[in-house]
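Asks: Starting off with a structure, shown below.
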Number of protein chains: 2
Amino acid sequence: MKVDGKEMRPIWFDRTSETVQVIDQRFLPHELIIKDLTTVDDTIYAIKEMVVRGAPLIGATGALGVYISLVQANNKGADTDYMVSECKRLKDARPTAMNLFWGVDRVMSAALSRDTPGARITAALDEALVIVEEEAVNCRQIGEYGLPIIEEISYRKKGEPVNILTHCNAGWLACIEYGTATAPIYTAFDRDINVHVWVDETRPLNQGSRLTAWELGKHGVNHTVITDNAGGHIMQHGLVDLVIVGTDRTTRSGDVANKIGTYLKALAARDNHIPFYVALPSSTFDWDITDGIADIPIEERDPDEIRYVQGLCNGKVDRVLVPPEDSPAANHAFDVTPARLVTGFITERGVCGATEQDILNLFPDKKN
Amino acid sequence: MKVDGKEMRPIWFDRTSETVQVIDQRFLPHELIIKDLTTVDDTIYAIKEMVVRGAPLIGATGALGVYISLVQANNKGADTDYMVSECKRLKDARPTAMNLFWGVDRVMSAALSRDTPGARITAALDEALVIVEEEAVNCRQIGEYGLPIIEEISYRKKGEPVNILTHCNAGWLACIEYGTATAPIYTAFDRDINVHVWVDETRPLNQGSRLTAWELGKHGVNHTVITDNAGGHIMQHGLVDLVIVGTDRTTRSGDVANKIGTYLKALAARDNHIPFYVALPSSTFDWDITDGIADIPIEERDPDEIRYVQGLCNGKVDRVLVPPEDSPAANHAFDVTPARLVTGFITERGVCGATEQDILNLFPDKKN
């Protein structure tokens, strides 16, 4: 996507330096910093510390991490066990996003199908870059399939702005291109449909106000930042036509793990008869589980992410302590929205309802 | 209540200097600053800029503001019209909290029942201080009437901590003593019931993480700060036994205006079968309206309250800009929780259900 006229992705492989490079998302929107990932430790750090974040991007980073582990193994003259154990470390970097396990396993399989270290390295890089491109294509497809939902509302509102609420950042920064939740929005905007986005700031790390607002602004999409508290009120007053969010893991029965607070917006959407859609590539489905609340592990992160807020202070990025120094804080990173609150899923294969049967009708290859 | 061993209230009349004094709550928890209110402009500024906040405290400040306006009028040799117009300015300082209009009107009536400027000043001060003391007594009563709700849960949990979630600050800083939502909590704590409070940080102004956490910590009550996003998740996982919040205005039919985000917590409590109580003195009821969503005016405040977050940075109170400089923000300060989501009201006269009939059974003098 375009940033000040220049095409950018949140991750890429630089052929000249043979290095994986990423945007360090921790400093956006105030500083645009590029970071090299040259070791598995770099990669794990980038995933854990949210240099990169968002389920599809975590998957792509993990996939390229397998390539990085093979280069390291080759330099050390290490054996296959080394790569396997490095890949396990990669998968342990964060517990909730499905795409991480999926991406790492897929590239590891591709590498293990070859016999020599050199062939494995090449196979891993090729497969990781295929994943990167596939996710870009998937997001474009999500945009196409989601577009009619927005078009229909625009038609009904006779061209008045379609007000879409989104939570966290499921934009191109979280993916490769277009985003998941934002793909239908960008697609509609690019086809001159009048859209306006309510951007939940998304505490604690403010991925909405820092990242989604930045992305939408750079693309020229009308948007307004609101607190996470505000969604219910604006829904009650007819100011939201549609909610679209992304997901970090969705069960085969349609339970949706996403950034903490998503469940509250789904409840408010239901209470106000507003459609609530979840946009995701198939790599985010966990085909092995059905009870999201019981079975999706929810990451607990450092309470300092709540206690401190980062932003621009006197021209530089700094942070402020909000609560009393000695007050404890708890930082659950995700919650699970039960399928009963989800209107439908927007995937690269089309739109479906939030039941196991509807999902499997789109993905018949996943039937048991 | 005690702050580092010293008894404090958020507002008081200093007899020596004949001045109304308040805690400047904007700088808590990092700085405890006392501010004099010597003019009506000071008083309006304090209410508007949230030097003081919380419905009962806004009411008390407005009440003392009438006294201040009479002293000013006397110094200027102004007539009754001057006081009446100054009182109108006081009532216009903030639109949502019922107590402001109630407090100003009550003191104005008391003053107008006298004929001389001196007698009016004395009557206004006396009446305002009666309001202050009444609100302290009301809060103590709210604590007594709310206590059995917590006791019953504690008994059922065999002494395990009773986990209570609260939103914003409806503590003694918002009132005079004890608070409204916190009164049953302090009362239970003081009687050795094992309680733990989940403190919603309450964006944008973080009255939860700044003020409620500070109050509870100073009193020794176990608490954990969470983001406003987290309540639904912890309710799903059995970590909340009870929700208690305050209110800025409640209709005679039981619709509850309170800090933005309260409605989302009420939805989550309902979805998880958790009791949701609202604690309030009768001065917060608006006896004239029944449809809270249509009829309670919701204040829209400066978007910079969302864009900037204040806290301690390198040893001093400063603020950071979070979203992109050019992203718009919208700042609705309150929302309305429909009566159907409220389990009951805890008032100075007892506990009642959230229907007009139940409320009027406690307040039969308000029947039409």
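Quick note on naming: the chains in the structure tokens go A, B, ... in the order shown, residues restart at 1 in each chain, and ligands are numbered from 1 in order of appearance.
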Name all residues at most 7 Å from stretch 4-12 of chain B (count only C-alpha atoms; drop same-chain ones fewer than 5 positions away) and give them as a ChimeraX atom specification.
Replies: /B:20-23,173,176-177,218
Asks: Could those residues be written to a file, using all heavy atoms, as a PDB file, in the first residue's frame?
Replies:
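Now in out21.pdb:
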```pdb
ATOM      1  N   VAL B  20     -13.713  28.304  49.500  1.00  0.00           N
ATOM      2  CA  VAL B  20     -14.010  26.938  49.080  1.00  0.00           C
ATOM      3  C   VAL B  20     -12.725  26.345  48.497  1.00  0.00           C
ATOM      4  O   VAL B  20     -12.080  26.970  47.643  1.00  0.00           O
ATOM      5  CB  VAL B  20     -15.134  26.923  48.021  1.00  0.00           C
ATOM      6  CG1 VAL B  20     -15.379  25.506  47.512  1.00  0.00           C
ATOM      7  CG2 VAL B  20     -16.420  27.540  48.588  1.00  0.00           C
ATOM      8  N   GLN B  21     -12.364  25.162  48.953  1.00  0.00           N
ATOM      9  CA  GLN B  21     -11.146  24.515  48.443  1.00  0.00           C
ATOM     10  C   GLN B  21     -11.479  23.118  47.922  1.00  0.00           C
ATOM     11  O   GLN B  21     -12.379  22.455  48.443  1.00  0.00           O
ATOM     12  CB  GLN B  21     -10.093  24.438  49.557  1.00  0.00           C
ATOM     13  CG  GLN B  21      -9.674  25.841  50.035  1.00  0.00           C
ATOM     14  CD  GLN B  21      -8.505  25.795  50.990  1.00  0.00           C
ATOM     15  OE1 GLN B  21      -8.539  25.091  51.979  1.00  0.00           O
ATOM     16  NE2 GLN B  21      -7.459  26.563  50.662  1.00  0.00           N
ATOM     17  N   VAL B  22     -10.747  22.711  46.892  1.00  0.00           N
ATOM     18  CA  VAL B  22     -10.964  21.394  46.282  1.00  0.00           C
ATOM     19  C   VAL B  22      -9.624  20.730  45.972  1.00  0.00           C
ATOM     20  O   VAL B  22      -8.609  21.413  45.806  1.00  0.00           O
ATOM     21  CB  VAL B  22     -11.784  21.499  44.963  1.00  0.00           C
ATOM     22  CG1 VAL B  22     -13.177  22.063  45.214  1.00  0.00           C
ATOM     23  CG2 VAL B  22     -11.054  22.338  43.902  1.00  0.00           C
ATOM     24  N   ILE B  23      -9.658  19.399  45.901  1.00  0.00           N
ATOM     25  CA  ILE B  23      -8.517  18.676  45.332  1.00  0.00           C
ATOM     26  C   ILE B  23      -8.589  18.848  43.812  1.00  0.00           C
ATOM     27  O   ILE B  23      -9.643  18.628  43.219  1.00  0.00           O
ATOM     28  CB  ILE B  23      -8.581  17.175  45.678  1.00  0.00           C
ATOM     29  CG1 ILE B  23      -8.491  16.953  47.193  1.00  0.00           C
ATOM     30  CG2 ILE B  23      -7.463  16.408  44.954  1.00  0.00           C
ATOM     31  CD1 ILE B  23      -8.630  15.480  47.609  1.00  0.00           C
ATOM     32  N   LEU B 173     -13.775  10.453  45.857  1.00  0.00           N
ATOM     33  CA  LEU B 173     -13.339  11.627  45.094  1.00  0.00           C
ATOM     34  C   LEU B 173     -14.479  12.204  44.255  1.00  0.00           C
ATOM     35  O   LEU B 173     -14.477  13.383  43.918  1.00  0.00           O
ATOM     36  CB  LEU B 173     -12.175  11.245  44.170  1.00  0.00           C
ATOM     37  CG  LEU B 173     -10.815  11.083  44.846  1.00  0.00           C
ATOM     38  CD1 LEU B 173      -9.832  10.416  43.889  1.00  0.00           C
ATOM     39  CD2 LEU B 173     -10.272  12.433  45.323  1.00  0.00           C
ATOM     40  N   ILE B 176     -18.386  12.816  48.485  1.00  0.00           N
ATOM     41  CA  ILE B 176     -17.809  13.553  49.610  1.00  0.00           C
ATOM     42  C   ILE B 176     -17.056  12.559  50.493  1.00  0.00           C
ATOM     43  O   ILE B 176     -15.896  12.758  50.839  1.00  0.00           O
ATOM     44  CB  ILE B 176     -18.912  14.287  50.416  1.00  0.00           C
ATOM     45  CG1 ILE B 176     -19.755  15.189  49.495  1.00  0.00           C
ATOM     46  CG2 ILE B 176     -18.286  15.094  51.560  1.00  0.00           C
ATOM     47  CD1 ILE B 176     -19.013  16.340  48.842  1.00  0.00           C
ATOM     48  N   GLU B 177     -17.753  11.482  50.813  1.00  0.00           N
ATOM     49  CA  GLU B 177     -17.156  10.391  51.580  1.00  0.00           C
ATOM     50  C   GLU B 177     -17.628   9.080  50.951  1.00  0.00           C
ATOM     51  O   GLU B 177     -18.685   9.040  50.325  1.00  0.00           O
ATOM     52  CB  GLU B 177     -17.645  10.413  53.037  1.00  0.00           C
ATOM     53  CG  GLU B 177     -17.277  11.650  53.812  1.00  0.00           C
ATOM     54  CD  GLU B 177     -15.976  11.479  54.586  1.00  0.00           C
ATOM     55  OE1 GLU B 177     -15.240  10.512  54.314  1.00  0.00           O
ATOM     56  OE2 GLU B 177     -15.717  12.332  55.455  1.00  0.00           O
ATOM     57  N   LYS B 218      -5.022   3.673  48.663  1.00  0.00           N
ATOM     58  CA  LYS B 218      -4.816   4.433  49.904  1.00  0.00           C
ATOM     59  C   LYS B 218      -5.594   3.812  51.064  1.00  0.00           C
ATOM     60  O   LYS B 218      -5.192   3.908  52.213  1.00  0.00           O
ATOM     61  CB  LYS B 218      -5.264   5.897  49.725  1.00  0.00           C
ATOM     62  CG  LYS B 218      -4.363   6.717  48.810  1.00  0.00           C
ATOM     63  CD  LYS B 218      -3.024   7.013  49.464  1.00  0.00           C
ATOM     64  CE  LYS B 218      -2.109   7.819  48.547  1.00  0.00           C
ATOM     65  NZ  LYS B 218      -0.692   7.695  48.951  1.00  0.00           N
TER      66      LYS B 218
END
```
Asks: Mind running chain B against chain A at 6 Å and telling me each contacting residue's nearest atom pair with the distance in Å (one decimal), counting only C-alpha atoms, chain and number ascending, as a tab-separated table?
Replies:
```
residue	atom	partner	partner_atom	distance
B:Pro29	CA	A:Pro324	CA	5.7
B:Ser209	CA	A:Pro323	CA	4.8
B:Arg210	CA	A:Pro323	CA	4.8
B:Thr224	CA	A:Ala329	CA	4.9
B:Val225	CA	A:Ala329	CA	4.3
B:Ile226	CA	A:Ala330	CA	5.6
B:Asn229	CA	A:Gly261	CA	3.9
B:Ala230	CA	A:Ile260	CA	5.9
B:His233	CA	A:Asp335	CA	5.3
B:Ile260	CA	A:Asn229	CA	5.6
B:Gly261	CA	A:Asn229	CA	3.9
B:Leu264	CA	A:Leu264	CA	5.9
B:Gly311	CA	A:Val322	CA	4.6
B:Leu312	CA	A:Leu321	CA	4.8
B:Cys313	CA	A:Val320	CA	4.8
B:Val320	CA	A:Gly311	CA	4.6
B:Leu321	CA	A:Leu312	CA	4.8
B:Val322	CA	A:Gly311	CA	4.6
B:Pro323	CA	A:Ser209	CA	4.7
B:Pro324	CA	A:Pro29	CA	5.7
B:Pro328	CA	A:Thr224	CA	5.0
B:Ala329	CA	A:Val225	CA	4.3
B:Ala330	CA	A:Ile226	CA	5.6
B:Asp335	CA	A:His233	CA	5.4
```
Asks: One decimal, Å: what's the distance from atom CA of B:Arg249 over to atom CA of B:Val278, could you say?
Replies: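 So the two atoms, atom CA of B:Arg249 and atom CA of B:Val278, lie 10.9 Å apart.
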Asks: Which is closest to B:Arg340 among B:Ile121, B:Val256, B:Val195, B:Leu360, if we use only C-alpha atoms?
Replies: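 Answer, going by the shortest atom-to-atom distance: B:Val256.
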Asks: Could you check the closest approach to B:Val197 for each of B:Glu135, B:Glu152, B:Asp81, B:Asp241 and tell me which residue wins, using only C-alpha atoms?
Replies: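 Closest to B:Val197, using only C-alpha atoms: B:Asp241.
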Asks: For atom CA of B:Cys139 and atom CA of B:Gly238, quote the distance in Å rounded to one decimal.
Replies: 29.0 Å
Asks: Based on the backbone DSSP call, show me all residues of stretch 87-169 of chain B assigned helix (DSSP H, G or I), as a count of residues only.
Replies: 60
Asks: List the neighbours of A:Ala73 out to 7 Å using only C-alpha atoms; skip same-chain residues closer than 4 positions along the sequence, and give me the result as a list in words.
Replies: Ser69, Gly77, Ala78, Tyr82 and Met83 of chain A
Asks: Atom CA of A:Ala55 to atom CA of A:Asn258: how many Å, to one decimal?
Replies: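 About the pair atom CA of A:Ala55 and atom CA of A:Asn258: they are 9.4 Å apart.
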Asks: Assign secondary structure with DSSP using the backbone only, and return the residues of stretch 35-177 of chain B in strand (DSSP E or B) as a list in words.
Replies: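 These are the residues in question: Lys35, Asp36, Leu37, Val162, Asn163, Ile164, Leu165 and Thr166 of chain B.
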Asks: Would you kindly return, as a PyMOL selection string, each protein, DNA or RNA residue with an atom no farther than 12 Å from any atom of B:Val107, considering only C-alpha atoms and excluding same-chain residues fewer than 4 positions away?
Replies: chain B and resi 59-70+83-84+87+100-103+111-114+120-132
Asks: Could you tell me which of A:Val240, A:Ile193, A:Ala170, A:Leu90 comes closest to A:Ser154 if we count only C-alpha atoms?
Replies: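 Of all the options, A:Ile193 lies closest to A:Ser154.
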Asks: Which residue, B:His196, B:Arg140, B:Arg26, B:Arg156, has the smallest gap to B:Arg53 when you use only C-alpha atoms?
Replies: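 So, comparing all the options, the nearest one is B:Arg26.
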